[in-house]
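Visitor: Contents of my_file.cif (mmCIF, C-alpha atoms) are below:
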```cif
data_target
#
loop_
_atom_site.label_atom_id
_atom_site.label_comp_id
_atom_site.auth_asym_id
_atom_site.auth_seq_id
_atom_site.Cartn_x
_atom_site.Cartn_y
_atom_site.Cartn_z
CA MET A 1189 12.05 -23.90 -15.92
CA LYS A 1190 9.78 -26.64 -14.55
CA GLU A 1191 7.87 -26.34 -17.82
CA ASN A 1192 11.13 -27.03 -19.68
CA VAL A 1193 11.75 -23.47 -20.80
CA ALA A 1194 15.50 -23.07 -21.11
CA ALA A 1195 17.10 -20.76 -18.55
CA ASP A 1196 18.76 -18.70 -21.29
CA ARG A 1197 15.31 -17.89 -22.69
CA ILE A 1198 14.01 -16.46 -19.42
CA VAL A 1199 14.54 -12.83 -18.43
CA VAL A 1200 13.48 -11.59 -14.99
CA THR A 1201 12.37 -8.00 -15.45
CA GLY A 1202 10.34 -7.12 -12.36
CA ASN A 1203 6.72 -5.99 -12.43
CA THR A 1204 5.54 -3.30 -14.85
CA VAL A 1205 2.93 -2.32 -12.24
CA ILE A 1206 5.77 -0.75 -10.27
CA ASP A 1207 6.92 1.15 -13.37
CA ALA A 1208 3.41 2.57 -13.79
CA LEU A 1209 3.24 3.52 -10.11
CA LYS A 1210 6.52 5.43 -10.23
CA MET A 1211 5.43 7.24 -13.38
CA THR A 1212 2.15 8.24 -11.70
CA ALA A 1213 3.16 9.25 -8.17
CA LYS A 1214 4.40 12.86 -8.07
CA ASP A 1215 5.60 14.73 -5.00
CA ASN A 1216 3.95 17.91 -6.27
CA TYR A 1217 0.64 16.29 -7.19
CA VAL A 1218 -2.44 18.43 -6.50
CA PHE A 1219 -5.71 16.69 -5.65
CA ASP A 1220 -8.97 17.87 -7.19
CA ASP A 1221 -10.66 16.92 -3.91
CA LYS A 1222 -10.17 19.90 -1.59
CA ASP A 1223 -10.46 17.74 1.54
CA LEU A 1224 -7.64 15.51 0.36
CA GLN A 1225 -5.47 18.47 -0.55
CA LYS A 1226 -6.16 20.02 2.85
CA ALA A 1227 -5.19 16.76 4.56
CA LEU A 1228 -1.83 16.74 2.82
CA GLN A 1229 -1.18 20.31 3.86
CA SER A 1230 -2.15 19.71 7.50
CA GLY A 1231 1.35 18.66 8.55
CA LYS A 1232 -0.04 15.51 10.20
CA ARG A 1233 1.16 11.99 9.56
CA LEU A 1234 -1.25 10.41 7.11
CA ILE A 1235 -2.67 6.91 7.63
CA VAL A 1236 -4.28 5.56 4.46
CA MET A 1237 -6.79 2.77 4.86
CA THR A 1238 -8.72 0.45 2.52
CA THR A 1239 -10.84 -2.59 3.35
CA HIS A 1240 -13.06 -4.79 1.20
CA ARG A 1241 -12.40 -8.52 1.84
CA ARG A 1242 -15.55 -10.57 2.36
CA GLU A 1243 -13.93 -12.62 5.10
CA ASN A 1244 -13.48 -9.42 7.11
CA LEU A 1245 -17.07 -8.21 6.92
CA GLY A 1246 -18.85 -7.56 10.18
CA GLU A 1247 -17.07 -7.88 13.51
CA PRO A 1248 -13.52 -8.28 12.10
CA LEU A 1249 -13.77 -4.89 10.38
CA ARG A 1250 -15.33 -3.35 13.47
CA GLN A 1251 -12.34 -4.43 15.56
CA VAL A 1252 -9.93 -2.92 13.02
CA TYR A 1253 -11.82 0.39 12.99
CA LYS A 1254 -11.95 0.51 16.77
CA ALA A 1255 -8.20 -0.03 16.91
CA LEU A 1256 -7.73 2.79 14.41
CA LYS A 1257 -9.88 5.11 16.53
CA ALA A 1258 -7.84 4.30 19.64
CA VAL A 1259 -4.58 5.07 17.83
CA LEU A 1260 -5.94 8.38 16.59
CA ALA A 1261 -6.95 9.30 20.14
CA THR A 1262 -3.39 8.86 21.42
CA HIS A 1263 -1.59 10.32 18.39
CA GLU A 1264 -2.89 13.79 17.68
CA ASP A 1265 -0.29 14.29 14.94
CA THR A 1266 -2.05 11.74 12.73
CA MET A 1267 -5.06 11.73 10.45
CA VAL A 1268 -6.78 9.12 8.31
CA VAL A 1269 -7.91 9.12 4.70
CA PHE A 1270 -10.18 6.17 3.96
CA PRO A 1271 -11.58 5.62 0.43
CA VAL A 1272 -14.58 3.49 1.38
CA HIS A 1273 -15.55 0.47 -0.70
CA LYS A 1274 -19.07 0.62 -2.14
CA ASN A 1275 -20.14 -2.67 -0.54
CA PRO A 1276 -22.99 -1.71 1.85
CA ALA A 1277 -21.71 -4.25 4.38
CA VAL A 1278 -18.43 -2.34 4.53
CA ARG A 1279 -20.04 1.09 4.57
CA SER A 1280 -22.44 0.35 7.38
CA VAL A 1281 -19.64 -0.54 9.80
CA VAL A 1282 -17.47 2.35 8.62
CA ASN A 1283 -20.29 4.79 9.23
CA GLU A 1284 -21.00 3.36 12.68
CA GLU A 1285 -17.38 3.51 13.82
CA LEU A 1286 -15.64 6.30 11.90
CA ALA A 1287 -18.14 8.76 10.40
CA GLY A 1288 -17.94 12.26 11.83
CA LEU A 1289 -14.66 11.77 13.69
CA ASP A 1290 -12.08 14.53 13.71
CA ARG A 1291 -9.05 13.75 11.59
CA VAL A 1292 -10.87 11.04 9.62
CA ILE A 1293 -11.70 11.76 5.97
CA LEU A 1294 -14.03 9.24 4.33
CA THR A 1295 -14.09 9.44 0.54
CA GLU A 1296 -15.56 7.59 -2.38
CA PRO A 1297 -13.21 5.05 -4.01
CA LEU A 1298 -10.46 6.89 -5.87
CA ASP A 1299 -9.23 6.46 -9.43
CA TYR A 1300 -5.73 5.10 -9.90
CA GLU A 1301 -3.89 8.41 -10.28
CA PRO A 1302 -5.19 10.11 -7.12
CA PHE A 1303 -4.91 6.91 -5.11
CA ALA A 1304 -1.30 6.34 -6.18
CA ASN A 1305 -0.51 9.86 -5.08
CA LEU A 1306 -2.41 9.38 -1.83
CA MET A 1307 -0.18 6.38 -1.09
CA ASN A 1308 2.85 8.48 -1.98
CA HIS A 1309 1.95 10.94 0.77
CA ALA A 1310 1.03 8.32 3.38
CA TYR A 1311 3.05 7.64 6.50
CA LEU A 1312 1.69 4.11 6.74
CA ILE A 1313 -1.02 2.05 5.09
CA LEU A 1314 -3.58 -0.26 6.66
CA THR A 1315 -5.27 -2.51 4.12
CA ASP A 1316 -6.58 -5.92 3.09
CA SER A 1317 -5.82 -5.22 -0.59
CA GLY A 1318 -3.44 -7.42 -2.55
CA GLY A 1319 -2.30 -4.85 -5.09
CA ILE A 1320 -1.34 -2.32 -2.44
CA GLN A 1321 1.00 -4.91 -0.91
CA GLU A 1322 2.93 -4.83 -4.19
CA GLU A 1323 2.84 -1.10 -4.80
CA ALA A 1324 3.21 0.75 -1.50
CA PRO A 1325 6.65 -0.64 -0.58
CA SER A 1326 8.09 0.92 -3.76
CA LEU A 1327 7.06 4.27 -2.31
CA GLY A 1328 8.73 3.48 1.02
CA LYS A 1329 5.45 2.99 2.88
CA PRO A 1330 5.05 0.31 5.55
CA VAL A 1331 1.93 -1.80 5.01
CA LEU A 1332 -0.05 -3.50 7.75
CA VAL A 1333 -2.27 -6.17 6.21
CA VAL A 1334 -5.50 -6.79 8.11
CA ARG A 1335 -5.69 -10.42 7.06
CA ASN A 1336 -4.41 -13.70 8.45
CA THR A 1337 -3.06 -14.90 5.09
CA THR A 1338 -1.79 -13.30 1.91
CA GLU A 1339 -1.19 -14.33 -1.70
CA ARG A 1340 1.96 -12.20 -1.59
CA PRO A 1341 4.18 -14.10 0.88
CA GLU A 1342 7.28 -12.65 -0.79
CA ALA A 1343 6.39 -9.24 0.65
CA VAL A 1344 6.13 -10.65 4.16
CA THR A 1345 9.48 -12.40 3.79
CA ALA A 1346 11.08 -9.21 2.48
CA GLY A 1347 9.72 -7.24 5.43
CA THR A 1348 7.82 -4.67 3.36
CA VAL A 1349 4.45 -5.75 4.76
CA LYS A 1350 3.27 -7.36 7.96
CA LEU A 1351 0.23 -9.54 8.52
CA VAL A 1352 -1.65 -8.28 11.57
CA GLY A 1353 -5.05 -9.93 11.18
CA THR A 1354 -8.16 -8.21 12.53
CA ASP A 1355 -7.65 -8.60 16.27
CA TYR A 1356 -8.07 -5.24 18.02
CA ALA A 1357 -4.96 -5.55 20.19
CA LYS A 1358 -2.70 -6.72 17.36
CA VAL A 1359 -3.78 -3.98 14.97
CA HIS A 1360 -3.53 -1.32 17.68
CA ASP A 1361 -0.10 -2.45 18.86
CA GLU A 1362 1.44 -2.68 15.39
CA MET A 1363 0.14 0.73 14.36
CA THR A 1364 1.39 2.25 17.59
CA LYS A 1365 4.81 0.67 17.13
CA LEU A 1366 5.16 2.07 13.62
CA LEU A 1367 4.15 5.53 14.82
CA ASP A 1368 6.36 5.54 17.93
CA ASP A 1369 9.41 3.44 17.05
CA LYS A 1370 11.48 5.17 14.36
CA GLU A 1371 13.87 2.26 13.88
CA TYR A 1372 11.02 -0.22 13.49
CA TYR A 1373 9.44 2.11 10.95
CA ARG A 1374 12.72 2.56 9.07
CA CYS A 1375 13.26 -1.18 8.73
CA MET A 1376 9.90 -1.61 6.99
CA ALA A 1377 10.06 1.59 4.95
CA GLU A 1378 13.52 0.83 3.57
CA ALA A 1379 13.03 -2.88 2.89
CA VAL A 1380 13.51 -3.78 -0.78
CA ASN A 1381 10.30 -4.42 -2.70
CA PRO A 1382 10.50 -8.00 -4.05
CA TYR A 1383 8.16 -7.20 -6.95
CA GLY A 1384 10.13 -4.64 -8.89
CA ASP A 1385 12.23 -1.50 -8.97
CA GLY A 1386 10.46 0.52 -11.67
CA LEU A 1387 12.79 -0.57 -14.48
CA ALA A 1388 10.91 -3.59 -15.83
CA SER A 1389 9.80 -1.81 -19.01
CA GLN A 1390 13.36 -0.77 -19.80
CA ARG A 1391 14.57 -4.35 -19.37
CA ILE A 1392 11.81 -5.65 -21.65
CA VAL A 1393 12.69 -3.17 -24.39
CA GLN A 1394 16.38 -3.90 -24.01
CA LYS A 1395 15.83 -7.65 -24.38
CA ILE A 1396 13.62 -7.19 -27.44
CA ARG A 1397 16.34 -5.05 -29.01
CA GLN A 1398 18.87 -7.79 -28.31
CA ILE A 1399 16.62 -10.43 -29.89
CA PHE A 1400 16.46 -8.39 -33.10
CA GLY A 1401 20.16 -7.65 -33.09
CA LEU A 1402 19.71 -3.96 -32.31
CA SER A 1403 21.69 -3.95 -29.08
CA THR A 1404 24.61 -5.75 -27.49
CA ASP A 1405 24.41 -3.97 -24.15
CA LYS A 1406 24.56 -6.21 -21.10
CA LEU A 1407 21.14 -6.69 -19.51
CA VAL A 1408 21.05 -6.64 -15.72
CA GLU A 1409 18.03 -8.63 -14.57
CA PHE A 1410 15.87 -7.82 -11.56
CA ILE A 1411 16.91 -9.77 -8.49
#
```
Please express the file's structure as structure tokens.
Guide:
Amino acid sequence: MKENVAADRIVVTGNTVIDALKMTAKDNYVFDDKDLQKALQSGKRLIVMTTHRRENLGEPLRQVYKALKAVLATHEDTMVVFPVHKNPAVRSVVNEELAGLDRVILTEPLDYEPFANLMNHAYLILTDSGGIQEEAPSLGKPVLVVRNTTERPEAVTAGTVKLVGTDYAKVHDEMTKLLDDKEYYRCMAEAVNPYGDGLASQRIVQKIRQIFGLSTDKLVEFI
């Protein structure tokens, strides 16, 4: 509207990324990776982790991984799946802090389909990824963002994600709270994703049909 596009020519549809995610994530999905499939069948609460931001390399990542280890030590009903970024600076710290630990599965980066389904089975997600901040809330997964800032402030406002930085105590305490406090977990898991509801494609098609005079159905925009 600031660019002088008339309001009646703007349709808010939501994000088609969320449509794709909901089409891809299946409750009965079977992983080709036997370790991943075994993790899902373990009955433990699954923590999914990804890290790659350059500003976190070195000691910041080490503090996050140490916090994760401490949480695992006090919560035996949890396990971690961590698709590790190929950056050697990430891998070196991961290997020093997490390699060989019980209940920690380190994998190569996953393609979209298996990763979407990994998120779908997660209990919570720890990440510095931007895209995951948009996607995971649509699956009802709380996201702790190991950064001090985010390009997705709408998600923070909505309560679907929380910025926790890379401080050991902050990361440890927020993970522990999500694992131990059911009401705190519920508030994040059930918050409405501000980026879409999985119906953006339908709204786009419906509007195109209206433009060409093929439909007079009322279009309900994404709010």
Visitor: Check what the PyMOL selection byres ((chain A and resi 1317-1331) around 9) selects in the file above and give those residues as a PyMOL selection string.
Guide: chain A and resi 1205-1206+1209-1210+1213+1238-1241+1304+1307-1316+1332-1334+1338-1340+1343+1347-1351+1366+1373-1386
Visitor: When the PyMOL selection byres ((chain A and resi 1405) around 12) is applied to the structure above, which residues does it catch, written out as a list in words?
Guide: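 Selected by the PyMOL selection byres ((chain A and resi 1405) around 12) here: Arg1391, Val1393, Gln1394, Lys1395, Ile1396, Arg1397, Gln1398, Ile1399, Gly1401, Leu1402, Ser1403, Thr1404, Lys1406, Leu1407 and Val1408 of chain A.
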Visitor: I need every residue sitting at most 12 Å from the point (17.1, -16.5, -18.7) (coordinates as in the file, all atoms listed in the file considered), written as a ChimeraX atom specification.
Guide: /A:1189,1193-1201,1395,1407-1410
Visitor: Write the selection just made, keeping C-alpha atoms, as an mmCIF file, in the coordinates of the input?
Guide:
```cif
data_model
loop_
_atom_site.group_PDB
_atom_site.id
_atom_site.type_symbol
_atom_site.label_atom_id
_atom_site.label_comp_id
_atom_site.auth_asym_id
_atom_site.auth_seq_id
_atom_site.Cartn_x
_atom_site.Cartn_y
_atom_site.Cartn_z
ATOM 1 C CA MET A 1189 12.050 -23.900 -15.920
ATOM 2 C CA VAL A 1193 11.750 -23.470 -20.800
ATOM 3 C CA ALA A 1194 15.500 -23.070 -21.110
ATOM 4 C CA ALA A 1195 17.100 -20.760 -18.550
ATOM 5 C CA ASP A 1196 18.760 -18.700 -21.290
ATOM 6 C CA ARG A 1197 15.310 -17.890 -22.690
ATOM 7 C CA ILE A 1198 14.010 -16.460 -19.420
ATOM 8 C CA VAL A 1199 14.540 -12.830 -18.430
ATOM 9 C CA VAL A 1200 13.480 -11.590 -14.990
ATOM 10 C CA THR A 1201 12.370 -8.000 -15.450
ATOM 11 C CA LYS A 1395 15.830 -7.650 -24.380
ATOM 12 C CA LEU A 1407 21.140 -6.690 -19.510
ATOM 13 C CA VAL A 1408 21.050 -6.640 -15.720
ATOM 14 C CA GLU A 1409 18.030 -8.630 -14.570
ATOM 15 C CA PHE A 1410 15.870 -7.820 -11.560
#
```
Visitor: Counting all atoms listed in the file, which of A:Phe1270, A:Tyr1372, A:Tyr1300, A:Tyr1356 gets nearest to Ala1287 of chain A?
Guide: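 Ranking A:Phe1270, A:Tyr1372, A:Tyr1300, A:Tyr1356 by distance to Ala1287 of chain A, first place goes to A:Phe1270.
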Visitor: What's the separation between atom CA of Ser1230 of chain A and atom CA of Ala1357 of chain A, in Å to one decimal place?
Guide: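 Answer for the atom CA of Ser1230 of chain A to atom CA of Ala1357 of chain A separation: 28.4 Å.
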